[in-house]
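Source file model-v4.txt; content: compact mmCIF, C-alpha atoms.
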```txt
# COMPACT_ATOMS: atom_id res chain seq x y z
CA MET A 1 -2.79 -54.65 -26.56
CA ASN A 2 -6.36 -53.82 -25.65
CA ASP A 3 -5.78 -54.91 -22.06
CA ASP A 4 -3.01 -52.35 -21.83
CA PHE A 5 -5.38 -49.72 -23.13
CA GLN A 6 -8.06 -50.61 -20.56
CA ASP A 7 -5.45 -50.60 -17.80
CA LEU A 8 -4.23 -47.15 -18.81
CA LEU A 9 -7.80 -45.88 -18.95
CA GLU A 10 -8.41 -47.18 -15.43
CA ILE A 11 -5.15 -45.73 -14.18
CA SER A 12 -6.16 -42.36 -15.62
CA GLU A 13 -9.46 -42.60 -13.72
CA PHE A 14 -7.59 -43.40 -10.55
CA TYR A 15 -5.42 -40.32 -11.09
CA ILE A 16 -8.46 -38.14 -11.76
CA LEU A 17 -10.13 -39.36 -8.57
CA SER A 18 -6.91 -38.60 -6.68
CA GLN A 19 -6.86 -35.09 -8.18
CA LYS A 20 -3.61 -35.82 -10.00
CA TYR A 21 -4.80 -34.42 -13.30
CA GLU A 22 -1.44 -33.91 -14.95
CA GLU A 23 -0.54 -37.54 -14.32
CA ALA A 24 -3.94 -38.54 -15.71
CA ILE A 25 -3.22 -36.61 -18.92
CA LYS A 26 0.18 -38.26 -19.32
CA THR A 27 -1.41 -41.69 -18.91
CA LEU A 28 -4.17 -40.89 -21.39
CA LYS A 29 -1.64 -39.73 -23.97
CA LYS A 30 0.05 -43.12 -23.65
CA ALA A 31 -3.31 -44.84 -24.07
CA GLN A 32 -4.04 -42.71 -27.14
CA LYS A 33 -1.02 -44.25 -28.86
CA ILE A 34 -2.63 -47.68 -28.49
CA ASN A 35 -6.19 -46.73 -29.44
CA ASN A 36 -7.24 -43.28 -30.60
CA ARG A 37 -10.85 -44.21 -31.41
CA GLU A 38 -12.23 -44.63 -27.90
CA PRO A 39 -14.63 -41.88 -26.80
CA LYS A 40 -13.98 -42.56 -23.08
CA LEU A 41 -10.32 -41.70 -23.58
CA TYR A 42 -11.27 -38.22 -24.82
CA TYR A 43 -13.92 -37.83 -22.14
CA ASN A 44 -11.33 -38.53 -19.42
CA LEU A 45 -8.92 -36.14 -21.11
CA GLY A 46 -11.65 -33.51 -21.16
CA ILE A 47 -12.31 -34.01 -17.45
CA ALA A 48 -8.61 -33.72 -16.59
CA TYR A 49 -8.15 -30.58 -18.70
CA GLU A 50 -11.33 -29.02 -17.33
CA ALA A 51 -10.18 -29.75 -13.78
CA LEU A 52 -6.92 -27.97 -14.60
CA ASN A 53 -8.94 -25.03 -15.93
CA ASP A 54 -7.61 -25.51 -19.45
CA ARG A 55 -10.88 -24.67 -21.14
CA ASP A 56 -9.76 -24.83 -24.78
CA LYS A 57 -8.16 -28.24 -24.50
CA ALA A 58 -11.14 -29.53 -22.51
CA ILE A 59 -13.56 -28.34 -25.20
CA ASN A 60 -11.48 -30.05 -27.91
CA ALA A 61 -11.38 -33.30 -25.99
CA PHE A 62 -15.14 -33.38 -25.30
CA ARG A 63 -15.81 -32.57 -28.98
CA GLN A 64 -13.61 -35.46 -29.99
CA ALA A 65 -15.47 -37.80 -27.61
CA LEU A 66 -18.77 -36.68 -29.15
CA SER A 67 -17.54 -37.06 -32.70
CA LEU A 68 -16.80 -40.72 -31.87
CA ASP A 69 -20.02 -41.20 -29.89
CA PRO A 70 -22.67 -38.53 -30.51
CA ASN A 71 -24.82 -40.03 -27.71
CA PHE A 72 -22.15 -39.59 -25.04
CA GLN A 73 -24.37 -37.74 -22.58
CA SER A 74 -21.84 -36.72 -19.92
CA ALA A 75 -19.43 -35.44 -22.58
CA ARG A 76 -22.30 -33.38 -24.02
CA GLU A 77 -23.12 -31.92 -20.58
CA HIS A 78 -19.52 -30.85 -19.97
CA LEU A 79 -19.12 -29.40 -23.44
CA ASP A 80 -22.36 -27.41 -23.17
CA ARG A 81 -21.35 -26.06 -19.78
CA LEU A 82 -17.90 -25.04 -20.96
CA ILE A 83 -19.21 -23.31 -24.04
CA LYS A 84 -21.87 -21.41 -22.10
CA GLY A 85 -19.52 -20.61 -19.22
CA MET B 1 12.79 11.13 6.89
CA LYS B 2 10.85 12.23 3.81
CA GLN B 3 7.84 14.44 4.37
CA PHE B 4 4.73 14.34 2.23
CA VAL B 5 1.75 16.57 1.82
CA VAL B 6 -1.38 15.11 0.30
CA ILE B 7 -3.90 17.59 -1.03
CA GLY B 8 -7.39 16.33 -1.70
CA LEU B 9 -8.61 13.36 0.31
CA GLY B 10 -10.93 11.55 -2.04
CA ARG B 11 -10.54 7.82 -2.47
CA PHE B 12 -7.13 8.06 -4.12
CA GLY B 13 -5.72 10.84 -1.93
CA SER B 14 -6.78 9.23 1.33
CA SER B 15 -5.41 5.83 0.29
CA ILE B 16 -2.05 7.35 -0.59
CA ALA B 17 -1.95 9.33 2.68
CA ARG B 18 -2.72 6.21 4.72
CA ALA B 19 -0.24 4.06 2.82
CA LEU B 20 2.57 6.58 3.34
CA SER B 21 1.69 6.85 7.03
CA GLU B 22 1.80 3.08 7.38
CA LYS B 23 5.32 3.25 6.03
CA ASN B 24 6.08 5.68 8.88
CA PHE B 25 6.50 8.78 6.73
CA GLU B 26 5.40 12.14 8.02
CA VAL B 27 2.20 13.04 6.18
CA LEU B 28 0.26 16.27 6.19
CA ALA B 29 -3.21 15.74 4.78
CA ILE B 30 -5.20 18.69 3.47
CA ASP B 31 -8.77 18.96 2.32
CA ARG B 32 -11.47 21.58 2.14
CA SER B 33 -13.96 19.20 3.70
CA GLU B 34 -14.08 18.95 7.45
CA GLU B 35 -15.70 15.55 7.19
CA ARG B 36 -12.82 14.07 5.19
CA ILE B 37 -10.28 15.53 7.59
CA LYS B 38 -12.14 13.99 10.53
CA GLU B 39 -12.18 10.65 8.73
CA ILE B 40 -8.44 10.52 8.13
CA GLY B 41 -7.64 12.31 11.41
CA GLY B 42 -5.74 9.84 13.58
CA THR B 43 -4.09 7.89 10.78
CA VAL B 44 -1.71 10.60 9.53
CA SER B 45 0.74 12.91 11.33
CA GLN B 46 -1.36 16.01 10.72
CA ALA B 47 -4.67 16.67 8.99
CA VAL B 48 -6.02 20.17 8.44
CA VAL B 49 -9.04 21.80 6.85
CA VAL B 50 -7.56 24.26 4.36
CA ASP B 51 -8.45 25.59 0.94
CA ALA B 52 -5.30 24.65 -0.94
CA THR B 53 -5.84 27.37 -3.53
CA ASP B 54 -5.21 29.90 -0.77
CA GLU B 55 -1.53 30.82 -1.13
CA LYS B 56 -1.32 32.45 2.28
CA ALA B 57 -2.71 29.40 4.02
CA LEU B 58 -0.24 27.14 2.23
CA LYS B 59 2.66 29.37 3.28
CA GLU B 60 1.49 29.30 6.88
CA LEU B 61 1.55 25.52 6.79
CA GLY B 62 5.21 25.65 5.78
CA ILE B 63 4.49 23.76 2.57
CA LYS B 64 7.87 24.53 1.05
CA GLU B 65 9.55 22.33 3.66
CA PHE B 66 7.90 19.24 2.22
CA ASP B 67 9.81 16.98 -0.14
CA THR B 68 6.83 15.78 -2.12
CA ALA B 69 3.30 17.00 -2.64
CA ILE B 70 0.59 14.75 -4.04
CA VAL B 71 -2.31 16.65 -5.54
CA SER B 72 -5.41 14.56 -5.82
CA ILE B 73 -8.19 17.09 -6.24
CA GLY B 74 -11.53 15.62 -7.23
CA GLU B 75 -13.33 16.83 -10.29
CA ASN B 76 -12.22 20.43 -10.10
CA ILE B 77 -9.56 20.69 -12.81
CA GLU B 78 -9.08 24.41 -12.36
CA ASP B 79 -8.26 24.02 -8.65
CA SER B 80 -5.88 21.19 -9.37
CA ILE B 81 -3.96 23.36 -11.86
CA MET B 82 -3.94 26.33 -9.52
CA VAL B 83 -2.67 24.28 -6.57
CA THR B 84 0.07 22.70 -8.69
CA LEU B 85 1.24 26.12 -9.78
CA LEU B 86 1.23 27.45 -6.20
CA LEU B 87 3.16 24.46 -4.88
CA LYS B 88 5.88 24.87 -7.50
CA GLU B 89 6.08 28.60 -6.87
CA LEU B 90 6.39 27.99 -3.13
CA GLY B 91 9.32 25.69 -3.84
CA VAL B 92 8.02 22.18 -3.18
CA ARG B 93 10.64 19.91 -4.73
CA GLN B 94 8.42 17.24 -6.23
CA VAL B 95 4.79 17.73 -7.16
CA ILE B 96 2.84 14.67 -8.26
CA VAL B 97 -0.61 15.37 -9.64
CA LYS B 98 -3.55 13.17 -10.49
CA ALA B 99 -4.90 14.05 -13.92
CA HIS B 100 -8.39 13.47 -15.24
CA ASN B 101 -7.68 13.57 -18.94
CA GLU B 102 -4.95 14.22 -21.49
CA LEU B 103 -5.65 17.94 -21.75
CA HIS B 104 -5.52 18.32 -17.99
CA ALA B 105 -2.20 16.45 -18.00
CA LYS B 106 -0.78 18.75 -20.67
CA ILE B 107 -1.64 21.87 -18.67
CA LEU B 108 -0.25 20.31 -15.49
CA SER B 109 3.07 19.67 -17.14
CA LYS B 110 3.15 23.28 -18.40
CA VAL B 111 2.62 24.67 -14.88
CA GLY B 112 5.47 22.53 -13.56
CA ALA B 113 4.04 19.21 -12.30
CA ASP B 114 6.96 16.80 -11.90
CA LYS B 115 4.90 13.69 -12.33
CA ILE B 116 1.41 13.20 -13.67
CA ILE B 117 -0.59 10.11 -12.89
CA PHE B 118 -3.82 8.60 -14.16
CA PRO B 119 -4.75 6.11 -11.43
CA GLU B 120 -8.04 5.05 -13.00
CA LYS B 121 -6.47 4.60 -16.42
CA GLU B 122 -3.49 2.73 -15.01
CA MET B 123 -5.80 0.52 -12.98
CA ALA B 124 -7.99 -0.16 -16.00
CA GLU B 125 -4.98 -1.09 -18.10
CA LYS B 126 -3.73 -3.42 -15.40
CA LEU B 127 -7.15 -4.98 -15.12
CA ALA B 128 -7.44 -5.45 -18.87
CA GLU B 129 -4.05 -7.11 -18.90
CA SER B 130 -5.08 -9.44 -16.12
CA LEU B 131 -8.39 -10.37 -17.66
CA ALA B 132 -6.60 -11.30 -20.86
CA SER B 133 -4.68 -13.99 -18.98
CA PRO B 134 -6.24 -17.45 -19.05
CA LYS B 135 -5.11 -18.03 -15.47
CA ILE B 136 -7.18 -15.17 -14.10
CA PHE B 137 -10.86 -15.66 -13.41
CA ASP B 138 -11.75 -12.47 -11.68
CA TYR B 139 -10.21 -9.30 -10.36
CA ILE B 140 -11.90 -7.07 -7.83
CA GLU B 141 -10.58 -3.65 -6.93
CA LEU B 142 -11.05 -2.98 -3.21
CA SER B 143 -9.09 0.24 -2.96
CA THR B 144 -6.31 1.94 -4.84
CA GLU B 145 -3.93 -0.42 -3.11
CA TYR B 146 -5.74 -3.66 -2.40
CA GLY B 147 -7.57 -6.10 -4.58
CA ILE B 148 -8.92 -9.63 -4.73
CA LEU B 149 -7.70 -11.97 -7.40
CA GLU B 150 -9.17 -15.28 -8.46
CA ILE B 151 -6.40 -17.28 -10.02
CA VAL B 152 -5.46 -20.85 -10.93
CA ALA B 153 -3.10 -22.09 -8.21
CA PRO B 154 0.48 -21.71 -9.45
CA LYS B 155 2.16 -25.09 -9.96
CA LYS B 156 4.74 -24.45 -7.28
CA PHE B 157 1.96 -24.16 -4.66
CA CYS B 158 0.39 -27.54 -5.53
CA ASP B 159 0.52 -30.49 -3.13
CA LYS B 160 1.65 -28.22 -0.30
CA THR B 161 -0.36 -27.03 2.68
CA LEU B 162 -1.00 -23.35 3.30
CA GLY B 163 1.03 -23.74 6.49
CA GLU B 164 4.02 -24.94 4.49
CA LEU B 165 3.63 -22.26 1.84
CA LYS B 166 3.60 -19.32 4.31
CA LEU B 167 2.04 -17.11 1.63
CA ARG B 168 1.49 -14.14 3.89
CA GLU B 169 5.12 -14.07 4.95
CA LYS B 170 6.63 -14.79 1.57
CA TYR B 171 4.23 -13.02 -0.78
CA GLY B 172 2.17 -10.71 1.43
CA ILE B 173 -1.12 -12.29 0.34
CA SER B 174 -3.96 -14.10 2.13
CA VAL B 175 -5.94 -16.98 0.65
CA MET B 176 -9.59 -16.23 1.39
CA ALA B 177 -11.08 -19.25 -0.35
CA ILE B 178 -10.18 -22.24 -2.48
CA LYS B 179 -12.48 -23.32 -5.31
CA ARG B 180 -11.96 -26.99 -5.95
CA LYS B 181 -13.32 -29.54 -8.37
CA MET B 182 -14.02 -32.62 -6.26
CA PRO B 183 -13.86 -35.76 -8.36
CA TYR B 184 -16.31 -38.64 -8.00
CA THR B 185 -17.41 -41.67 -10.02
CA ARG B 186 -20.68 -41.49 -11.93
CA PRO B 187 -23.10 -44.43 -11.75
CA ASP B 188 -21.90 -45.47 -15.23
CA GLY B 189 -18.35 -45.73 -13.85
CA SER B 190 -16.93 -42.66 -15.58
CA PRO B 191 -15.18 -39.94 -13.59
CA ASP B 192 -16.70 -36.52 -13.05
CA PHE B 193 -16.41 -33.69 -10.54
CA LYS B 194 -18.44 -31.25 -8.48
CA GLU B 195 -17.31 -27.76 -7.64
CA GLU B 196 -16.71 -27.06 -3.96
CA ILE B 197 -15.54 -24.00 -2.16
CA ILE B 198 -13.44 -23.94 0.99
CA ILE B 199 -13.97 -20.65 2.76
CA GLY B 200 -11.23 -19.31 5.01
CA PRO B 201 -8.86 -22.25 4.56
CA GLY B 202 -6.44 -22.99 7.39
CA GLY B 203 -2.77 -23.93 7.59
CA ALA B 204 -3.55 -27.65 7.26
CA ASP B 205 -5.44 -27.21 3.97
CA GLU B 206 -3.53 -28.47 0.98
CA ILE B 207 -3.52 -26.83 -2.45
CA LEU B 208 -4.24 -29.31 -5.21
CA GLN B 209 -3.81 -29.28 -8.99
CA GLY B 210 -6.52 -27.25 -10.67
CA ASP B 211 -7.54 -25.36 -7.53
CA ILE B 212 -8.61 -21.77 -7.99
CA LEU B 213 -7.38 -19.49 -5.24
CA VAL B 214 -9.23 -16.38 -4.14
CA ILE B 215 -6.49 -14.17 -2.77
CA LEU B 216 -6.41 -10.78 -1.15
CA GLY B 217 -3.39 -8.52 -1.29
CA ARG B 218 -1.73 -5.39 -2.55
CA TYR B 219 -1.70 -5.06 -6.34
CA LYS B 220 2.07 -5.37 -6.48
CA ASP B 221 1.92 -8.63 -4.53
CA LEU B 222 -0.96 -9.96 -6.62
CA ASN B 223 1.05 -9.18 -9.75
CA ARG B 224 3.92 -11.24 -8.40
CA ILE B 225 1.59 -14.20 -7.92
CA GLU B 226 0.27 -13.84 -11.47
CA LYS B 227 3.80 -14.16 -12.77
CA LEU B 228 4.61 -17.39 -10.91
```

File written out as structure tokens:
Amino acid sequence: MNDDFQDLLEISEFYILSQKYEEAIKTLKKAQKINNREPKLYYNLGIAYEALNDRDKAINAFRQALSLDPNFQSAREHLDRLIKG
Amino acid sequence: MKQFVVIGLGRFGSSIARALSEKNFEVLAIDRSEERIKEIGGTVSQAVVVDATDEKALKELGIKEFDTAIVSIGENIEDSIMVTLLLKELGVRQVIVKAHNELHAKILSKVGADKIIFPEKEMAEKLAESLASPKIFDYIELSTEYGILEIVAPKKFCDKTLGELKLREKYGISVMAIKRKMPYTRPDGSPDFKEEIIIGPGGADEILQGDILVILGRYKDLNRIEKL
């Protein structure tokens, strides 16, 4: 089960790096059904939404990542930038 | 062929006169200022220095033969009312007048203006509408006709090159720049991106998901893009 989750997380990263953000979001939603307590999942979601200029959804996702891991530095940086921007 | 007379060659008046000329209509441009007449000179069929409140001068120009008159007189409300009245009395079929405020508009309609326009107000309303859209990042007014729009690339443009999209032919717009978030992997292995800007993209440049396009075009064409 957890292997599937890790695979999906990696696939989502591959999609993000290929600038296929919508596909990344679809993959992350699948991963969320397996494990919805992983901060990285929400961080990747935040990145994909931010790349698609969907500010509100990106803010929500980064907030969720931080609520699961308050020390998640890169999620904090993105959230701060989006809120200030 | 329709004939137009444009009275008052400020920013609005001169833009209208030029736009009508570009569409091959016969345009007579009138202003009190020699400088403005010189400026518009070659671009319209005829440009003359005349005080449009002078009834005799208007008659001599054969104003009544024109189908439509556009009155775009600067700040002088009194002159704008007077000219509207004269044009109607001389028999110009359609008189379109730029109004400065509601009271001015009311008087214009009483003296016979067929159409009253508020270009600044209409532009401001359009701009407000655009800014309220989450897809729009910026809107710059270049003239009464042209503007620059910064907009999230419509889905139907994604994964296609500018050459394939033929935006100028199909939509009458030019892409001046593409703002792109370039993804990379952070040292900790997580994905991230940096913002990049491609200035003056060419036909081989592809539009990708999430790109922001900086496009130049007529307002009507930009509005079409917003609605995609």

- Query: Using all atoms listed in the file, which chain B residues lie at most 10 Å away from chain A, written as number ranges by chain?
  - Reply: B: 134-135, 137, 152-153, 159, 180-186, 188-195, 208-212

- Test item: which residues lie within 12 Å of (-3.4, 31.2, -0.3) counting all atoms listed in the file, as a ChimeraX atom specification: /B:50-63,82-83,85-87,89-90

- Message: Rounded to one decimal, what separation in Å do you get between atom CA of B:Gly217 and atom CA of B:Phe12?
- Response: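 These two atoms are separated by 17.2 Å.
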
- Test item: which residues lie within 6 Å of (-0.2, -45.0, -18.3) counting only C-alpha atoms, as an NGL selection string: :A and (8 or 27 or 30)

- Please identify all polymer residues within 10 Å of B:Leu108, counting only C-alpha atoms, omitting same-chain residues fewer than 6 positions from it, and present them as a VMD selection string. chain B and resid 77 80 to 82 84 to 85 96 to 99 102 114 to 116

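Using only C-alpha atoms, the residues found no farther than 9 Å from B:Phe25, other than those of its own chain fewer than 5 positions away, are Met1, Lys2, Gln3, Phe4, Leu20, Val44 and Ser45 of chain B.
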
- Message: Applying 9 Å and only C-alpha atoms, which residues near A:Ser67 remain after dropping the ones on its own chain fewer than 4 positions away? List them as a list of chain:residue names.
- Response: A:Pro39, A:Phe62, A:Arg63

- Item | For atom CA of A:Leu68 and atom CA of A:Glu38, the interatomic separation in Å (one decimal) | 7.2 Å

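Going from atom CA of B:Lys166 to atom CA of B:Glu196 covers 23.3 Å.
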
- Message: Excluding B:Glu145 and its own-chain neighbours fewer than 5 positions away, which residues fall within 10 Å of it when counting only C-alpha atoms? Please give them as number ranges by chain.
- Response: B: 12, 15-16, 19, 217-220

- Message: Could you list, as a PyMOL selection string, every residue within 12 Å of B:Ser33, counting only C-alpha atoms and ignoring same-chain residues fewer than 6 positions away?
- Response: chain B and resi 7-10+39-40+47-52+73-74

Write a file of the selected residues as a PDB file, in the coordinates of the input, keeping C-alpha atoms.
```
ATOM      1  CA  ILE B   7      -3.900  17.590  -1.030  1.00  0.00           C
ATOM      2  CA  GLY B   8      -7.390  16.330  -1.700  1.00  0.00           C
ATOM      3  CA  LEU B   9      -8.610  13.360   0.310  1.00  0.00           C
ATOM      4  CA  GLY B  10     -10.930  11.550  -2.040  1.00  0.00           C
ATOM      5  CA  GLU B  39     -12.180  10.650   8.730  1.00  0.00           C
ATOM      6  CA  ILE B  40      -8.440  10.520   8.130  1.00  0.00           C
ATOM      7  CA  ALA B  47      -4.670  16.670   8.990  1.00  0.00           C
ATOM      8  CA  VAL B  48      -6.020  20.170   8.440  1.00  0.00           C
ATOM      9  CA  VAL B  49      -9.040  21.800   6.850  1.00  0.00           C
ATOM     10  CA  VAL B  50      -7.560  24.260   4.360  1.00  0.00           C
ATOM     11  CA  ASP B  51      -8.450  25.590   0.940  1.00  0.00           C
ATOM     12  CA  ALA B  52      -5.300  24.650  -0.940  1.00  0.00           C
ATOM     13  CA  ILE B  73      -8.190  17.090  -6.240  1.00  0.00           C
ATOM     14  CA  GLY B  74     -11.530  15.620  -7.230  1.00  0.00           C
TER      15      GLY B  74
END
```

Return the padded bounding box of stretch 37-45 of chain A as lines of an AutoDock Vina configuration file: axis-aligned, built from all atoms listed in the file, 6 Å added on each side, with centre and edge lengths in Å to one decimal.
```
center_x = -11.8
center_y = -40.4
center_z = -25.4
size_x = 17.7
size_y = 20.5
size_z = 24.0
```
